[in-house]
Amino acid sequence: MPDLPTPQNAAEAALLSECWDAVLSYADLCTSGSAAATLLATEAFTHGIDELRAATAASKSTGTGRRALRLPRIPLLLASVRTVAGAWETNGLGHRLDPDLRLWLHSDKAARYIGPPLHRPLALRGLRDMQEPDAVLLWLAEVESLPLSAVARRLGLDPAAASSELAQVRALFRDRCHRNHIDTPMDAYCRSYARLLDAVTRSPTAETPEDLSRHLARCVECAEAAACLRLHGGGLPAALSSGVIGWGGLAYLERRRRAAEAGMIGGRTDAAVDTGLNEGKPVRPRIGRTGILVTAVLVSALALTVSLMPFGGSKGGGVSAAQVESTDGQSVADPGPSFPSGSESESGSGSGSGSRSRSAGSPAVADSTSRPAGNSDPEAQGESSSPAGKQGGAKGGAKGGAKGGAKGSTKSASPDCRVKYEIVGEWPDGFQATVTVTSTKALATWSLGWTFKDGQRVGQMWDATFTQNDSHVTATAADYNKTVAANGTFTFGFLGSWTGSNSPARNFTLNTASCRAAG
């Protein structure tokens, strides 16, 4: 594996510290494994450093003292990841890359990034035409999702004026995109909508005419321009990331959002602290995929060990189903197991038949000690061995079974999962959504289903794969996030289209079991 380039000065050392995490995050999206991700990130970082050195040397040789316009450092290095990935595909190393990326690299979408400058994505051209300090401020705040206080500290800005500075930079980006849109070669039909598109996107209260909406639904370039020109509505981060990065831009944006919320932006812990990214907060350790898997295995082993331990009150030291899993749903792995009272034991004998429902894919830790359905052996319930005790136990079991059956028929069990469906950005005919699911049970894999009320369509999804049949959508776990610990969460996002109305999704199911939507 090639080594990272040795920094030649303090500026390059700071570049490595600030940007490595971003480069590795995108490289991980582009590859099929962690080893390939590290290799791709290393080659891309070397490629980007060489490009920056060449640009610096060229600007010095001209003697003008002015820097040629180029992308800020982070998006420039992310573009290097895309470039190196293309070289891998060309040189027979495509098996290291994500299959969807390989398809994209052979499409017209990828060709736009290396084709004529006037045909390249509008967001890429607009960001490149800005002065570097302005472009860096826009990228860090919108795509890297850093708090303005952290951005101000990194760039040496007045924190009190950072918000107004960002507003001015957004307006400047819009102006650059508008100019580039006018300069773009387009047919007469698209050009007839250019003025109207500019006017509609300037005002947050302006309504989009129906004919313009139909045109934006059919024309990719004009829809791309609308996303860049509309500063309100929360769609600017998605327009920047997808336009500048290309494949996986929206997935990268979502990853950076989550990392910023968790205080993990900055690549290295010392870099994050030095730049104020964790200001006022203790440094939080990262938990990798391997750590999550090891934790799940340890919890399962602990639960199995506890389930095999003898408890008092059972003939022969056996463990009853009521002791392993009480009627209130407490797991054997919970600290301080509770012992049921007499009334609970009475009803428990009727409900401990092993009919407790489990979501598909969740490991049944305590099933090895549960009674099979229909087992009426009174000794398995820990009853007295005397005739009177057996008779009383049989009566109690019958009574408890009747009570349990009646109770079960009138009150259904609460869902084992909770879903938060959030629309993080919306624009005419399109939207971006994030779905966060919390499961009370451990999952070996997951599949989340839901229905759309207004006929929305999913176009692209990250951190999961999807299928859609009319209004019903099913999202299936990726290989790296399919294991979920008890009371753990998983998140994925997608890009969709809508017409008329965009109501939130409903009728959620997790592994075919009903799931409650968070208010």
# chains A, B, ... in the order shown; residues from 1 in each chain; ligands from 1
>>> residues_around(residues="segment 245-257 of chain A", least_positions_apart="2", cutoff="6 Å", atoms="only C-alpha atoms", output="tab-separated table (two decimals) with all heavy atoms, in the first residue's frame")
chain	number	residue	atom	x	y	z
A	143	VAL	N	-21.99	21.58	3.19
A	143	VAL	CA	-21.77	20.16	2.89
A	143	VAL	C	-21.15	19.43	4.07
A	143	VAL	O	-21.61	18.35	4.46
A	143	VAL	CB	-20.91	20.00	1.63
A	143	VAL	CG1	-20.70	18.51	1.32
A	143	VAL	CG2	-21.56	20.69	0.44
A	144	GLU	N	-20.10	20.00	4.66
A	144	GLU	CA	-19.48	19.34	5.81
A	144	GLU	C	-20.33	19.49	7.07
A	144	GLU	O	-20.07	18.83	8.09
A	144	GLU	CB	-18.08	19.92	6.06
A	144	GLU	CG	-17.11	19.71	4.91
A	144	GLU	CD	-16.90	18.24	4.58
A	144	GLU	OE1	-16.73	17.43	5.51
A	144	GLU	OE2	-16.90	17.90	3.38
A	145	SER	N	-21.33	20.36	7.04
A	145	SER	CA	-22.31	20.51	8.12
A	145	SER	C	-21.69	20.94	9.44
A	145	SER	O	-22.17	20.57	10.51
A	145	SER	CB	-23.10	19.20	8.32
A	145	SER	OG	-23.70	18.78	7.12
A	241	SER	N	-23.35	19.04	-3.13
A	241	SER	CA	-22.68	17.74	-3.00
A	241	SER	C	-22.86	16.89	-4.25
A	241	SER	O	-21.91	16.28	-4.75
A	241	SER	CB	-23.19	17.00	-1.77
A	241	SER	OG	-24.59	16.80	-1.84
A	242	SER	N	-24.07	16.83	-4.77
A	242	SER	CA	-24.31	15.99	-5.95
A	242	SER	C	-23.67	16.59	-7.20
A	242	SER	O	-23.18	15.86	-8.07
A	242	SER	CB	-25.81	15.79	-6.17
A	242	SER	OG	-26.46	17.05	-6.34
A	243	GLY	N	-23.65	17.92	-7.30
A	243	GLY	CA	-23.07	18.55	-8.48
A	243	GLY	C	-21.56	18.53	-8.49
A	243	GLY	O	-20.94	18.31	-9.53
A	259	ALA	N	-21.78	12.64	11.13
A	259	ALA	CA	-20.50	12.79	11.82
A	259	ALA	C	-20.44	14.12	12.56
A	259	ALA	O	-19.92	14.20	13.67
A	259	ALA	CB	-19.36	12.70	10.81
A	260	ALA	N	-20.98	15.18	11.96
A	260	ALA	CA	-20.99	16.48	12.63
A	260	ALA	C	-21.87	16.46	13.87
A	260	ALA	O	-21.53	17.02	14.92
A	260	ALA	CB	-21.45	17.57	11.66
A	462	TRP	N	-29.14	5.67	-0.25
A	462	TRP	CA	-27.81	5.37	0.27
A	462	TRP	C	-27.93	4.68	1.63
A	462	TRP	O	-28.89	4.88	2.37
A	462	TRP	CB	-26.95	6.62	0.37
A	462	TRP	CG	-27.59	7.79	1.04
A	462	TRP	CD1	-27.52	8.14	2.35
A	462	TRP	CD2	-28.41	8.79	0.42
A	462	TRP	NE1	-28.24	9.28	2.59
A	462	TRP	CE2	-28.79	9.70	1.42
A	462	TRP	CE3	-28.85	8.99	-0.89
A	462	TRP	CZ2	-29.59	10.80	1.16
A	462	TRP	CZ3	-29.66	10.09	-1.14
A	462	TRP	CH2	-30.01	10.97	-0.13
>>> closest_atom_pairs(of="segment 169-222 of chain A", to="segment 130-141 of chain A", cutoff="9 Å", atoms="only C-alpha atoms", output="CSV")
residue,atom,partner,partner_atom,distance
A:Val169,CA,A:Asp134,CA,6.0
A:Arg170,CA,A:Leu138,CA,6.9
A:Leu172,CA,A:Met130,CA,7.9
A:Phe173,CA,A:Met130,CA,7.2
A:Arg176,CA,A:Met130,CA,7.5
>>> write_last_selection(atoms="N, CA and C atoms", output="PDB file, in the first residue's frame")
ATOM      1  N   VAL A 169     -22.168  34.836   0.943  1.00  0.00           N
ATOM      2  CA  VAL A 169     -21.504  33.833   0.115  1.00  0.00           C
ATOM      3  C   VAL A 169     -22.538  32.996  -0.641  1.00  0.00           C
ATOM      4  N   ARG A 170     -23.646  32.682  -0.010  1.00  0.00           N
ATOM      5  CA  ARG A 170     -24.711  31.955  -0.711  1.00  0.00           C
ATOM      6  C   ARG A 170     -25.226  32.760  -1.903  1.00  0.00           C
ATOM      7  N   LEU A 172     -23.584  35.004  -3.508  1.00  0.00           N
ATOM      8  CA  LEU A 172     -22.513  35.034  -4.501  1.00  0.00           C
ATOM      9  C   LEU A 172     -22.482  33.740  -5.309  1.00  0.00           C
ATOM     10  N   PHE A 173     -22.685  32.614  -4.641  1.00  0.00           N
ATOM     11  CA  PHE A 173     -22.737  31.329  -5.348  1.00  0.00           C
ATOM     12  C   PHE A 173     -23.903  31.306  -6.326  1.00  0.00           C
ATOM     13  N   ARG A 176     -22.955  33.316  -9.399  1.00  0.00           N
ATOM     14  CA  ARG A 176     -22.033  32.603 -10.280  1.00  0.00           C
ATOM     15  C   ARG A 176     -22.757  31.504 -11.055  1.00  0.00           C
TER      16      ARG A 176
END
>>> residues_around(residues="Gly500 of chain A", least_positions_apart="3", cutoff="10 Å", atoms="only C-alpha atoms", output="short mmCIF file (atom, residue, chain, number, x, y, z; two decimals) with N, CA, C and O atoms, in the first residue's frame")
data_model
loop_
_atom_site.label_atom_id
_atom_site.label_comp_id
_atom_site.auth_asym_id
_atom_site.auth_seq_id
_atom_site.Cartn_x
_atom_site.Cartn_y
_atom_site.Cartn_z
N PRO A 428 -39.42 21.87 -6.01
CA PRO A 428 -40.48 21.46 -6.94
C PRO A 428 -40.17 20.12 -7.60
O PRO A 428 -39.12 19.96 -8.22
N ASP A 429 -41.05 19.18 -7.38
CA ASP A 429 -40.99 17.84 -7.98
C ASP A 429 -39.92 16.94 -7.37
O ASP A 429 -39.73 15.81 -7.83
N ASP A 454 -49.11 9.77 -1.63
CA ASP A 454 -49.29 10.64 -2.79
C ASP A 454 -48.53 10.17 -4.03
O ASP A 454 -48.26 10.96 -4.93
N GLY A 455 -48.14 8.92 -4.06
CA GLY A 455 -47.50 8.37 -5.25
C GLY A 455 -46.06 8.80 -5.47
O GLY A 455 -45.58 8.81 -6.61
N GLN A 456 -45.36 9.16 -4.40
CA GLN A 456 -43.96 9.54 -4.55
C GLN A 456 -43.13 8.36 -5.06
O GLN A 456 -43.48 7.21 -4.85
N SER A 503 -46.83 14.08 1.16
CA SER A 503 -47.15 13.68 2.54
C SER A 503 -46.10 12.71 3.05
O SER A 503 -45.49 11.97 2.27
#
>>> residues_around(residues="segment 156-159 of chain A", least_positions_apart="3", cutoff="12 Å", atoms="only C-alpha atoms", output="list in words")
Pro133, Asp134, Leu137, Pro147, Leu148, Ser149, Ala150, Val151, Ala152, Arg153, Ala162, Ser163, Ser164, Glu165, Leu166, Thr275 and Gly276 of chain A
>>> write_last_selection(atoms="N, CA, C and O atoms", output="PDB file, in the first residue's frame")
ATOM      1  N   PRO A 133     -11.532  31.673  -0.233  1.00  0.00           N
ATOM      2  CA  PRO A 133     -12.123  31.831   1.114  1.00  0.00           C
ATOM      3  C   PRO A 133     -13.644  31.736   1.113  1.00  0.00           C
ATOM      4  O   PRO A 133     -14.235  31.140   2.020  1.00  0.00           O
ATOM      5  N   ASP A 134     -14.279  32.308   0.081  1.00  0.00           N
ATOM      6  CA  ASP A 134     -15.743  32.241   0.000  1.00  0.00           C
ATOM      7  C   ASP A 134     -16.209  30.813  -0.263  1.00  0.00           C
ATOM      8  O   ASP A 134     -17.185  30.335   0.336  1.00  0.00           O
ATOM      9  N   LEU A 137     -15.834  28.634   2.907  1.00  0.00           N
ATOM     10  CA  LEU A 137     -16.899  28.919   3.876  1.00  0.00           C
ATOM     11  C   LEU A 137     -18.202  28.233   3.475  1.00  0.00           C
ATOM     12  O   LEU A 137     -18.878  27.604   4.303  1.00  0.00           O
ATOM     13  N   PRO A 147     -20.780  23.443  12.533  1.00  0.00           N
ATOM     14  CA  PRO A 147     -21.401  24.617  13.158  1.00  0.00           C
ATOM     15  C   PRO A 147     -20.663  25.885  12.724  1.00  0.00           C
ATOM     16  O   PRO A 147     -19.444  25.876  12.497  1.00  0.00           O
ATOM     17  N   LEU A 148     -21.403  26.983  12.642  1.00  0.00           N
ATOM     18  CA  LEU A 148     -20.795  28.227  12.187  1.00  0.00           C
ATOM     19  C   LEU A 148     -19.668  28.681  13.109  1.00  0.00           C
ATOM     20  O   LEU A 148     -18.697  29.289  12.660  1.00  0.00           O
ATOM     21  N   SER A 149     -19.788  28.384  14.403  1.00  0.00           N
ATOM     22  CA  SER A 149     -18.723  28.771  15.326  1.00  0.00           C
ATOM     23  C   SER A 149     -17.427  28.045  14.990  1.00  0.00           C
ATOM     24  O   SER A 149     -16.330  28.629  15.033  1.00  0.00           O
ATOM     25  N   ALA A 150     -17.529  26.758  14.621  1.00  0.00           N
ATOM     26  CA  ALA A 150     -16.338  25.993  14.248  1.00  0.00           C
ATOM     27  C   ALA A 150     -15.770  26.474  12.917  1.00  0.00           C
ATOM     28  O   ALA A 150     -14.558  26.559  12.736  1.00  0.00           O
ATOM     29  N   VAL A 151     -16.659  26.807  11.970  1.00  0.00           N
ATOM     30  CA  VAL A 151     -16.198  27.319  10.678  1.00  0.00           C
ATOM     31  C   VAL A 151     -15.485  28.654  10.862  1.00  0.00           C
ATOM     32  O   VAL A 151     -14.427  28.896  10.268  1.00  0.00           O
ATOM     33  N   ALA A 152     -16.064  29.531  11.696  1.00  0.00           N
ATOM     34  CA  ALA A 152     -15.459  30.841  11.932  1.00  0.00           C
ATOM     35  C   ALA A 152     -14.080  30.703  12.566  1.00  0.00           C
ATOM     36  O   ALA A 152     -13.131  31.399  12.193  1.00  0.00           O
ATOM     37  N   ARG A 153     -13.965  29.773  13.491  1.00  0.00           N
ATOM     38  CA  ARG A 153     -12.666  29.576  14.145  1.00  0.00           C
ATOM     39  C   ARG A 153     -11.642  29.031  13.179  1.00  0.00           C
ATOM     40  O   ARG A 153     -10.480  29.441  13.186  1.00  0.00           O
ATOM     41  N   ALA A 162     -20.330  35.666  11.267  1.00  0.00           N
ATOM     42  CA  ALA A 162     -20.249  34.481  10.400  1.00  0.00           C
ATOM     43  C   ALA A 162     -21.559  34.228   9.669  1.00  0.00           C
ATOM     44  O   ALA A 162     -21.564  33.840   8.495  1.00  0.00           O
ATOM     45  N   SER A 163     -22.682  34.442  10.341  1.00  0.00           N
ATOM     46  CA  SER A 163     -23.982  34.181   9.718  1.00  0.00           C
ATOM     47  C   SER A 163     -24.225  35.110   8.535  1.00  0.00           C
ATOM     48  O   SER A 163     -24.671  34.670   7.461  1.00  0.00           O
ATOM     49  N   SER A 164     -23.935  36.389   8.700  1.00  0.00           N
ATOM     50  CA  SER A 164     -24.126  37.328   7.594  1.00  0.00           C
ATOM     51  C   SER A 164     -23.125  37.049   6.465  1.00  0.00           C
ATOM     52  O   SER A 164     -23.453  37.194   5.277  1.00  0.00           O
ATOM     53  N   GLU A 165     -21.905  36.629   6.820  1.00  0.00           N
ATOM     54  CA  GLU A 165     -20.923  36.274   5.803  1.00  0.00           C
ATOM     55  C   GLU A 165     -21.420  35.102   4.967  1.00  0.00           C
ATOM     56  O   GLU A 165     -21.280  35.089   3.740  1.00  0.00           O
ATOM     57  N   LEU A 166     -22.007  34.103   5.640  1.00  0.00           N
ATOM     58  CA  LEU A 166     -22.511  32.936   4.926  1.00  0.00           C
ATOM     59  C   LEU A 166     -23.654  33.320   3.992  1.00  0.00           C
ATOM     60  O   LEU A 166     -23.745  32.815   2.865  1.00  0.00           O
ATOM     61  N   THR A 275      -9.208  22.539  16.270  1.00  0.00           N
ATOM     62  CA  THR A 275      -9.984  23.443  15.436  1.00  0.00           C
ATOM     63  C   THR A 275     -11.314  23.799  16.048  1.00  0.00           C
ATOM     64  O   THR A 275     -12.143  24.443  15.414  1.00  0.00           O
ATOM     65  N   GLY A 276     -11.561  23.371  17.256  1.00  0.00           N
ATOM     66  CA  GLY A 276     -12.780  23.769  17.938  1.00  0.00           C
ATOM     67  C   GLY A 276     -14.001  22.990  17.544  1.00  0.00           C
ATOM     68  O   GLY A 276     -15.114  23.408  17.817  1.00  0.00           O
TER      69      GLY A 276
END
>>> atom_distance(atom1="atom CA of Leu127 of chain A", atom2="atom CA of Ala167 of chain A")
15.1 Å
